[in-house]
>>> print(open('query_20.cif').read())   # mmCIF, C-alpha atoms
data_coords
loop_
_atom_site.label_atom_id
_atom_site.label_comp_id
_atom_site.auth_asym_id
_atom_site.auth_seq_id
_atom_site.Cartn_x
_atom_site.Cartn_y
_atom_site.Cartn_z
CA MET V 1336 15.27 -29.08 32.42
CA ASN V 1337 11.64 -28.35 33.20
CA ASN V 1338 9.25 -29.97 30.71
CA LYS V 1339 6.11 -28.35 32.12
CA LYS V 1340 3.99 -26.62 29.52
CA LEU V 1341 3.34 -22.99 30.28
CA PRO V 1342 -0.30 -21.92 30.19
CA LYS V 1343 -1.34 -20.29 26.95
CA ARG V 1344 -2.01 -16.59 27.41
CA LYS V 1345 -5.38 -15.29 26.31
CA GLN V 1346 -5.12 -13.02 23.27
CA LEU V 1347 -6.38 -9.60 24.34
CA ARG V 1348 -6.06 -7.74 21.04
CA LEU V 1349 -8.52 -7.77 18.15
CA LYS V 1350 -7.20 -9.66 15.15
CA ASN V 1351 -6.56 -7.53 12.05
CA PHE V 1352 -7.28 -4.27 13.92
CA ASP V 1353 -4.95 -1.32 13.31
CA TYR V 1354 -4.19 0.09 16.76
CA SER V 1355 -2.38 3.10 15.28
CA GLN V 1356 -5.35 4.57 13.44
CA ASN V 1357 -8.03 7.09 14.31
CA ASN V 1358 -9.87 5.62 17.31
CA ALA V 1359 -10.74 5.94 20.97
CA PHE V 1360 -9.61 3.38 23.52
CA PHE V 1361 -10.60 2.70 27.12
CA ILE V 1362 -7.39 1.57 28.84
CA THR V 1363 -6.82 -0.12 32.19
CA ILE V 1364 -3.33 -0.70 33.57
CA CYS V 1365 -2.89 -2.44 36.92
CA ILE V 1366 -0.09 -2.31 39.45
CA HIS V 1367 1.70 -5.66 39.71
CA ASN V 1368 -0.13 -7.98 42.13
CA ARG V 1369 -2.70 -5.18 42.58
CA ASN V 1370 -0.50 -3.58 45.25
CA ARG V 1371 -2.01 -0.29 46.41
CA LEU V 1372 0.94 1.97 45.70
CA LEU V 1373 -0.77 4.96 44.06
CA GLY V 1374 -2.81 6.48 46.89
CA GLU V 1375 -5.84 6.03 49.08
CA VAL V 1376 -9.51 6.60 48.25
CA LYS V 1377 -11.27 8.86 50.73
CA GLU V 1378 -14.98 9.62 50.93
CA THR V 1379 -15.86 13.32 50.60
CA SER V 1380 -19.07 15.30 50.91
CA VAL V 1381 -19.48 15.19 47.11
CA GLY V 1382 -18.25 11.67 46.39
CA ALA V 1383 -14.73 10.33 46.67
CA THR V 1384 -11.17 11.39 45.89
CA LEU V 1385 -7.74 9.79 45.61
CA CYS V 1386 -5.42 11.21 48.21
CA GLY V 1387 -2.93 10.22 50.83
CA ARG V 1388 0.39 11.21 52.19
CA PRO V 1389 2.39 13.64 50.03
CA ASN V 1390 4.62 10.76 48.91
CA TYR V 1391 1.90 8.93 47.03
CA PRO V 1392 2.88 8.88 43.36
CA HIS V 1393 -0.51 9.62 41.80
CA LYS V 1394 0.65 13.10 40.73
CA MET V 1395 3.70 11.59 39.04
CA ILE V 1396 1.46 9.09 37.21
CA GLU V 1397 -0.82 11.94 36.14
CA LYS V 1398 2.17 13.93 34.84
CA TRP V 1399 3.31 11.05 32.59
CA LEU V 1400 -0.24 10.36 31.45
CA PHE V 1401 -0.46 13.86 29.99
CA GLU V 1402 3.07 13.61 28.59
CA ILE V 1403 1.66 11.00 26.19
CA GLN V 1404 0.07 13.91 24.28
CA ASN V 1405 3.46 15.63 23.92
CA LYS V 1406 5.40 12.50 23.00
CA TYR V 1407 2.82 11.12 20.57
CA LEU V 1408 1.28 13.78 18.36
CA ASN V 1409 -2.36 13.27 17.43
CA THR V 1410 -3.14 11.66 20.78
CA LYS V 1411 -5.42 13.07 23.44
CA ILE V 1412 -6.19 11.98 26.98
CA ASP V 1413 -9.92 12.34 27.54
CA TYR V 1414 -11.21 11.07 30.91
CA TYR V 1415 -9.05 9.30 33.48
CA VAL V 1416 -8.98 8.11 37.06
CA ILE V 1417 -6.03 6.97 39.12
CA MET V 1418 -7.00 4.35 41.68
CA PRO V 1419 -4.84 2.88 44.49
CA ASP V 1420 -3.86 -0.15 42.38
CA HIS V 1421 -4.73 0.72 38.77
CA ILE V 1422 -5.44 3.48 36.29
CA HIS V 1423 -8.28 3.88 33.77
CA PHE V 1424 -8.17 6.37 30.93
CA ILE V 1425 -9.63 7.10 27.54
CA LEU V 1426 -7.06 7.74 24.83
CA PHE V 1427 -7.94 9.20 21.45
CA ILE V 1428 -5.65 8.60 18.49
CA GLU V 1429 -6.73 11.23 15.99
CA GLY V 1430 -5.96 12.18 12.43
CA ASP V 1431 -5.12 10.34 9.24
CA HIS V 1432 -1.70 8.92 9.92
CA THR V 1433 0.11 5.77 10.75
CA GLY V 1434 1.64 6.64 14.07
CA SER V 1435 2.81 4.61 16.97
CA PRO V 1436 0.58 1.65 17.72
CA LEU V 1437 -1.27 1.68 21.00
CA GLN V 1438 1.03 -0.94 22.54
CA ASP V 1439 4.05 1.34 21.91
CA ILE V 1440 2.30 4.25 23.62
CA ILE V 1441 1.36 2.14 26.64
CA GLY V 1442 4.83 0.61 26.76
CA TRP V 1443 6.41 4.08 26.81
CA PHE V 1444 4.04 5.22 29.57
CA LYS V 1445 4.78 2.16 31.69
CA THR V 1446 8.56 2.60 31.21
CA MET V 1447 8.54 6.29 32.12
CA THR V 1448 6.36 5.83 35.19
CA THR V 1449 8.35 2.80 36.38
CA ASN V 1450 11.66 4.68 36.03
CA ASP V 1451 10.24 7.71 37.84
CA TYR V 1452 8.82 5.49 40.59
CA ILE V 1453 12.19 3.77 41.03
CA LYS V 1454 13.83 7.20 41.50
CA GLY V 1455 11.20 7.95 44.15
CA VAL V 1456 11.94 4.68 45.95
CA LYS V 1457 15.68 5.47 45.92
CA ASN V 1458 14.91 8.91 47.37
CA LYS V 1459 12.68 7.28 50.01
CA LEU V 1460 9.58 9.04 48.64
CA TYR V 1461 7.68 5.96 47.49
CA GLU V 1462 7.05 2.52 48.88
CA PRO V 1463 9.32 -0.17 47.37
CA PHE V 1464 7.83 -2.81 45.06
CA ASN V 1465 8.89 -6.37 44.29
CA LYS V 1466 10.36 -6.95 40.80
CA HIS V 1467 7.67 -5.25 38.68
CA PHE V 1468 5.77 -2.01 39.09
CA TRP V 1469 3.04 -2.62 36.47
CA GLN V 1470 1.41 -5.90 35.54
CA ARG V 1471 2.79 -7.44 32.37
CA ASN V 1472 -0.10 -6.53 30.11
CA TYR V 1473 -2.93 -4.02 30.01
CA PHE V 1474 -6.59 -4.10 29.05
CA GLU V 1475 -7.97 -2.04 26.20
CA HIS V 1476 -11.46 -1.68 24.85
CA VAL V 1477 -11.98 -0.15 21.42
CA ILE V 1478 -14.67 2.49 21.83
CA ARG V 1479 -17.06 1.93 18.95
CA ASN V 1480 -19.61 4.77 19.15
CA GLU V 1481 -20.86 7.77 21.17
CA ASN V 1482 -22.94 5.61 23.55
CA ASP V 1483 -19.92 3.40 24.24
CA LEU V 1484 -17.83 6.53 24.91
CA PHE V 1485 -20.52 7.84 27.28
CA GLU V 1486 -20.55 4.53 29.21
CA CYS V 1487 -16.74 4.48 29.50
CA ARG V 1488 -16.70 8.06 30.79
CA LYS V 1489 -19.46 7.24 33.29
CA TYR V 1490 -17.50 4.21 34.52
CA ILE V 1491 -14.40 6.37 35.05
CA GLU V 1492 -16.38 9.08 36.85
CA GLN V 1493 -17.96 6.56 39.23
CA ASN V 1494 -14.88 4.42 39.86
CA LEU V 1495 -13.64 6.20 43.01
CA LEU V 1496 -17.09 6.15 44.59
CA LYS V 1497 -17.56 2.49 43.62
CA TRP V 1498 -14.29 1.73 45.46
CA ILE V 1499 -15.75 3.26 48.66
CA ILE V 1500 -19.06 1.39 48.26
CA ASP V 1501 -17.33 -1.94 47.57
CA LYS V 1502 -15.21 -1.58 50.72
CA LYS V 1503 -18.25 -1.08 53.01
#
>>> encode(input="query_20.cif", output="structure tokens")
Amino acid sequence: MNNKKLPKRKQLRLKNFDYSQNNAFFITICIHNRNRLLGEVKETSVGATLCGRPNYPHKMIEKWLFEIQNKYLNTKIDYYVIMPDHIHFILFIEGDHTGSPLQDIIGWFKTMTTNDYIKGVKNKLYEPFNKHFWQRNYFEHVIRNENDLFECRKYIEQNLLKWIIDKK
């Protein structure tokens, strides 16, 4: 029996915060081990775009991202960007209700995209992955005001171009 103590995971969620109520969230979900499975960033005359061979799964990820709005009423996807190894998006939970908490929504999204990706691997459309498609957790930032929302949107808009600049 192994008596090693496991490292204590950092708590990412705000204590006593209701993640099912009316709010906006900036979400980041990373591919396991930051493997670049979702596409390639290419420089264009007006900035940058995510593209690649037809078998890159970024369109599948985009499809499930917008399915969140159908599955979970009173949710809205605002801005988003799909990067080669992660996704950023702003999710609004609107209305006076007690709906699904944010972690349930993200869990559903990760399950649906993982299952769809596995089907693509079996059909030789997508590159195989080792054990996990997404990293275990995700990052969320509670958007507190209009300026915060503006900054999150700006970050998303500039993320593809920043990828190009960082690689030079």
>>> residues_around(input="query_20.cif", residues="range 1364-1377 of chain V", least_positions_apart="2", cutoff="8 Å", atoms="only C-alpha atoms", output="PyMOL selection string")
chain V and resi 1362+1379+1383-1388+1391-1393+1417-1423+1462+1467-1474+1495+1498-1499
>>> atom_distance(input="query_20.cif", atom1="CA of Glu1475 in chain V", atom2="CA of Phe1361 in chain V")
5.5 Å
>>> resolve_selection(input="query_20.cif", expression="the PyMOL selection byres ((chain V and resi 1399) around 10)", output="count of residues only")
18
>>> atom_distance(input="query_20.cif", atom1="CA of Glu1378 in chain V", atom2="CA of Phe1424 in chain V")
21.4 Å
>>> atom_distance(input="query_20.cif", atom1="CA of Lys1466 in chain V", atom2="CA of Leu1426 in chain V")
27.8 Å
>>> closest_residue(input="query_20.cif", among="V:Tyr1490, V:Tyr1452, V:Tyr1461, V:Asn1357", to="Lys1411 in chain V", atoms="only C-alpha atoms")
V:Asn1357
>>> closest_residue(input="query_20.cif", among="V:Lys1489, V:Arg1479, V:Gln1438, V:Ala1359", to="Asp1413 in chain V", atoms="all atoms listed in the file")
V:Ala1359
>>> axis_aligned_box(input="query_20.cif", around="range 1363-1381 of chain V", padding_each_side="6 Å", output="JSON")
{"center_x": -8.9, "center_y": 3.7, "center_z": 41.6, "size_x": 33.2, "size_y": 35.3, "size_z": 30.7}
>>> resolve_selection(input="query_20.cif", expression="the PyMOL selection byres ((chain V and resi 1409) around 9)", output="list in words")
Asn1357, Gln1404, Tyr1407, Leu1408, Thr1410, Lys1411, Phe1427, Ile1428, Glu1429, Gly1430, His1432 and Gly1434 of chain V
>>> closest_residue(input="query_20.cif", among="V:Gly1442, V:Pro1463, V:Pro1436, V:Gly1455", to="Phe1360 in chain V", atoms="all atoms listed in the file")
V:Pro1436
